[in-house]
Amino acid sequence: MSKSLAPPDVRSASSPPPASGRVRLPLAELLPGVPARDACGERLAEALRRSPGVDRVELELEGDAPALSVRFDTDRLTRAGVAALARGHADRILRRFRHERLRVEGMDCPECARAVEHVMARFDGIGTVMVDFDARTVAIEYDPSRVGRRAIRRRLDALGYRVEEGTRLLRWGREHPALAQTLGAALGAAAAWLVERLLPTAPGLATALWATSYGVAGWPIVRELARRPWRKRLDVHVLMLLAAVGSVFIGALEEGAVLLLLFSLAHSLEHLAEGRARSAIRSLGTMAPRMASRIEGGAAQEVPVEALRRGDRVRVRPGERIPVDGTVLEGRSAVDQSAITGESEPVEKTPGSPVFAGTVNGSGVLEVEVSRLSSESTLARMARLVEAARSQASPAQRLAARSASILVPVVLAGAAAVATLPPLVGWIGWQEALYRAMALLVAASPCALAIGAPVAGVAALARAARLGLVVKGSSHLERLGRVRAVAFDKTGTLTLGRPEVRRIQPVEGAGPAGPDAVLALAASAEAASTHPLARAVVRAAKARGLPLLEAHAVRDVPGQGVDARIRGQRVRVGTLAFATDGTSRPAMAPGDGAPVTRPGETSLFVSVHGRLVGVIGLADPVRPEATEAIRTLRRLGIRHVAVLSGDRPETVELVARQVGADEALAALLPADKVEAIRTLERRHGPTAMVGDGVNDAPALASAGVGIAMGAAGSDTALEAAPAALLGEDLRLIPQAVGLGRALGRVVQQNHLVAVGVMVLLAAAAVSGRAGIGPAVAIHEASTVAVAFNALRLLRWRPAAEG
């Protein structure tokens, strides 16, 4: 009798209910050498989803170790069995698909990179194409049975880009030219030092090696100066070059070489630091998947996201990132929008809900209609805005740049004085004076001063975007850190902007019996209206399951209410005067004598043939997190919080009391809000304004910093305001203020270190207590320290504000 064969580690089914296990499998081990966001990761996940005993597979691409999270039936599989299945699927995928990373020449702009991705992905046999513009590389996934490497190179050549070949070491050198030059200079200096000590009879060889080190480390400085106009050449490069050349003339060859070597190393590390900050910004644009599952003729087909057009339908499976901005057509799921809006909790999505590219679907399957092209998505526009903000210098950056441009001529004049005056009066000899002058050129060079603010600004902008805040320049973020008062718009900002029925008060003996009858009558008349209050009444009636009666001759009177015929009766819903033809007393409702309005409510009066039958009280609920946000702002040192609104004074004052604000300003027109902001700034200092970005545009523009709230998907808010909060969680406002203050502190720290080291070293150099060697070491160490201090902002956490 033959025995049945089972997959390794697969257990037979048993009678008890199946138990669930989970295992996390690193992608780097399953698909070595394959980029984490390559389509092969999704192929592996899909293959595992179809495997017997596997319940769910999630592709986790965030963090330093992308992985597959697999939930499985422990009655059918073990952890080792899941790993074996994954390795088997991965081996088959790797045998079918190849991956190449090619370095190309001729890529001059980010638009070129996007064009390469779009055109190459259209060729038969080529899957994922990812271009790194800064590194000038193209990562291509292809099927070798359909297209070869030579054909891929020919296609890149046809597009005008030449593929560079070479060993891995040569390719590394091309990708990191500054570090490669530093390494070459270090090897030359080390060889010269060894020759001087081991072969003292060959001074010519040592001199040649020192000259080689000089040339390799100094050539980038000469090339940089040659590229600049004459008026822009007086900077730290000139100081370093003069110090190195001067060292040759005074016989301090070794110290001059070390100067150029350490200067080159410091600048290489600065470029790495700036590259990390830029990469954090560029990563915003890579959060959306490259491929999407488009539904055509009832079947799903994997296509590049760039091929999607408005109106296309895409399917998003559990655990996948949503590829486009769109609207849910079918399905229900909770979506993690933290990458876009900063919201900490998943948001429930149902048919009609908007979704955004780069967000993560939960446990349900969604079918989404594309509303924006991939290049127009909120994520793509956010990445472009933050990238553009990098080039906008903040006041601290402009001050540092001006200081550096003034300091360089001053240092040159000071070095000339040190080199000539002491020998002329007989204090020291000419050679010693020249040596001190060279040391002064190094000591007083404003390298750290020049880079401290720009690197910090880029890092803070990247961190703000990760929190869900788009800021159009670090200058706005710095100003946000200096605010002492915050003004909030009321409707849609402190409140949800969605009125709800709070109270239904029937008039005794006047017609419909009970609250439900009054609500049903009002909803029937308001069913066709688009007014927010009318929609709230209809929602409340539907929530109670009340039937809506057919209305005829419906007439909407702007600013007053709705007039309709229902079952032969004239029904009016609106203001008291409109509903009752001005015959009822405005202060009291008939019957039990309860007030017509209550604080914080808007009243709709319902009448039949002019006789009041009921009152419906509506209110716009305060956001649940508003009080916590304002409390946190006070802990950050915000002295005054105001609420601005065009609503009635009693309603605005009630909201202000509920959230803990200091001041309520009501019945304001847009021009009045602008004047209110100016008054707040005169009384309390720099003021931030938080609004919806549309009707609050004048106030947002006039404030020290305007923050448009809920800007995800909104072109107007993203383009109009200096800062835009993509989500609607008010707790992000104090986080933004905290990040602005952290940026200010880091910039101050960097400037203090830069100026302090420069002054102390300059004094030591002039007095002869610090030679070129110590001055170089301490100066370059301070430059690197400033750069990496700025990078701390990439990991800033709100808790750091205490």
# chains A, B, ... in the order shown; residues from 1 in each chain; ligands from 1
call {"tool": "select_by_dssp", "arguments": {"residues": "region 402-509 of chain A", "states": "alpha helix (DSSP H)", "output": "MDAnalysis selection string"}}
result
chainID A and resid 402:424 430:443 447:467 474:481
call {"tool": "atom_distance", "arguments": {"atom1": "CA of Ala541 (chain A)", "atom2": "CA of Ala520 (chain A)"}}
result
6.1 Å
call {"tool": "residues_around", "arguments": {"residues": "Met709 (chain A)", "least_positions_apart": "6", "cutoff": "8 Å", "atoms": "only C-alpha atoms", "output": "list in words"}}
result
Thr493, Val690, Gly691, Asp692, Gly693, Ala717, Ala724, Leu725, Leu726, Gly727 and Glu728 of chain A
call {"tool": "closest_residue", "arguments": {"among": "A:Ala671, A:Leu548, A:Val613, A:Val119", "to": "Val573 (chain A)", "atoms": "only C-alpha atoms"}}
result
A:Val613
call {"tool": "closest_residue", "arguments": {"among": "A:Gly358, A:Gly160, A:Gly481, A:Pro66", "to": "Arg321 (chain A)", "atoms": "only C-alpha atoms"}}
result
A:Gly358
call {"tool": "residues_around", "arguments": {"residues": "Gly362 (chain A)", "least_positions_apart": "3", "cutoff": "9 Å", "atoms": "only C-alpha atoms", "output": "number ranges by chain"}}
result
A: 317-320, 333-336, 346, 365
call {"tool": "write_last_selection", "arguments": {"atoms": "N, CA and C atoms", "output": "PDB file, in the first residue's frame"}}
result
ATOM      1  N   ARG A 317      -6.303  44.711  -1.704  1.00  0.00           N
ATOM      2  CA  ARG A 317      -6.478  43.572  -0.806  1.00  0.00           C
ATOM      3  C   ARG A 317      -6.033  43.927   0.608  1.00  0.00           C
ATOM      4  N   PRO A 318      -6.408  43.098   1.581  1.00  0.00           N
ATOM      5  CA  PRO A 318      -6.010  43.377   2.975  1.00  0.00           C
ATOM      6  C   PRO A 318      -4.500  43.488   3.113  1.00  0.00           C
ATOM      7  N   GLY A 319      -4.062  44.486   3.872  1.00  0.00           N
ATOM      8  CA  GLY A 319      -2.636  44.674   4.137  1.00  0.00           C
ATOM      9  C   GLY A 319      -1.887  45.424   3.063  1.00  0.00           C
ATOM     10  N   GLU A 320      -2.525  45.710   1.915  1.00  0.00           N
ATOM     11  CA  GLU A 320      -1.832  46.407   0.839  1.00  0.00           C
ATOM     12  C   GLU A 320      -1.904  47.919   1.029  1.00  0.00           C
ATOM     13  N   SER A 333     -13.529  48.710   5.241  1.00  0.00           N
ATOM     14  CA  SER A 333     -12.251  48.376   5.861  1.00  0.00           C
ATOM     15  C   SER A 333     -11.773  49.567   6.683  1.00  0.00           C
ATOM     16  N   ALA A 334     -10.909  49.293   7.632  1.00  0.00           N
ATOM     17  CA  ALA A 334     -10.230  50.357   8.381  1.00  0.00           C
ATOM     18  C   ALA A 334      -8.892  50.616   7.707  1.00  0.00           C
ATOM     19  N   VAL A 335      -8.606  51.873   7.412  1.00  0.00           N
ATOM     20  CA  VAL A 335      -7.394  52.243   6.675  1.00  0.00           C
ATOM     21  C   VAL A 335      -6.482  53.062   7.575  1.00  0.00           C
ATOM     22  N   ASP A 336      -5.210  52.663   7.617  1.00  0.00           N
ATOM     23  CA  ASP A 336      -4.196  53.393   8.377  1.00  0.00           C
ATOM     24  C   ASP A 336      -3.720  54.568   7.527  1.00  0.00           C
ATOM     25  N   PRO A 346      -6.688  53.867  12.827  1.00  0.00           N
ATOM     26  CA  PRO A 346      -7.237  53.615  11.487  1.00  0.00           C
ATOM     27  C   PRO A 346      -8.608  54.259  11.317  1.00  0.00           C
ATOM     28  N   VAL A 365     -11.462  43.934   1.799  1.00  0.00           N
ATOM     29  CA  VAL A 365     -11.136  44.173   0.398  1.00  0.00           C
ATOM     30  C   VAL A 365     -11.906  45.404  -0.073  1.00  0.00           C
TER      31      VAL A 365
END
call {"tool": "residues_around", "arguments": {"residues": "Ala619 (chain A)", "least_positions_apart": "3", "cutoff": "10 Å", "atoms": "only C-alpha atoms", "output": "VMD selection string"}}
result
chain A and resid 495 497 to 503 533 536 598 to 603 622 651
call {"tool": "write_last_selection", "arguments": {"atoms": "C-alpha atoms", "output": "PDB file, in the first residue's frame"}}
result
ATOM      1  CA  THR A 495     -15.971  71.515  15.770  1.00  0.00           C
ATOM      2  CA  GLY A 497     -18.375  70.915  10.903  1.00  0.00           C
ATOM      3  CA  ARG A 498     -21.265  68.469  10.733  1.00  0.00           C
ATOM      4  CA  PRO A 499     -24.393  69.549  12.662  1.00  0.00           C
ATOM      5  CA  GLU A 500     -26.275  66.912  14.629  1.00  0.00           C
ATOM      6  CA  VAL A 501     -29.814  66.886  16.006  1.00  0.00           C
ATOM      7  CA  ARG A 502     -29.578  67.366  19.775  1.00  0.00           C
ATOM      8  CA  ARG A 503     -33.169  68.143  20.792  1.00  0.00           C
ATOM      9  CA  LEU A 533     -28.851  71.672   8.736  1.00  0.00           C
ATOM     10  CA  ALA A 536     -28.525  66.706   9.621  1.00  0.00           C
ATOM     11  CA  ARG A 598     -30.382  76.969  23.948  1.00  0.00           C
ATOM     12  CA  PRO A 599     -26.737  78.021  24.149  1.00  0.00           C
ATOM     13  CA  GLY A 600     -24.695  76.388  21.424  1.00  0.00           C
ATOM     14  CA  GLU A 601     -27.748  75.266  19.444  1.00  0.00           C
ATOM     15  CA  THR A 602     -29.345  76.317  16.164  1.00  0.00           C
ATOM     16  CA  SER A 603     -33.143  75.970  16.191  1.00  0.00           C
ATOM     17  CA  VAL A 622     -16.726  69.882  19.417  1.00  0.00           C
ATOM     18  CA  THR A 651     -22.495  79.634  20.498  1.00  0.00           C
TER      19      THR A 651
END
call {"tool": "residues_around", "arguments": {"residues": "Val737 (chain A)", "least_positions_apart": "3", "cutoff": "6 Å", "atoms": "only C-alpha atoms", "output": "VMD selection string"}}
result
chain A and resid 480 to 481 734 740
call {"tool": "closest_residue", "arguments": {"among": "A:Ala523, A:His684, A:Arg678, A:Val411", "to": "Val766 (chain A)", "atoms": "only C-alpha atoms"}}
result
A:Val411
call {"tool": "residues_around", "arguments": {"residues": "region 299-309 of chain A", "least_positions_apart": "4", "cutoff": "8 Å", "atoms": "only C-alpha atoms", "output": "ChimeraX atom specification"}}
result
/A:118,121,289-295,314-315,323-324,370,372-375
call {"tool": "atom_distance", "arguments": {"atom1": "CA of Ala540 (chain A)", "atom2": "CA of Thr491 (chain A)"}}
result
20.1 Å
call {"tool": "atom_distance", "arguments": {"atom1": "CA of Ser767 (chain A)", "atom2": "CA of Met240 (chain A)"}}
result
19.9 Å
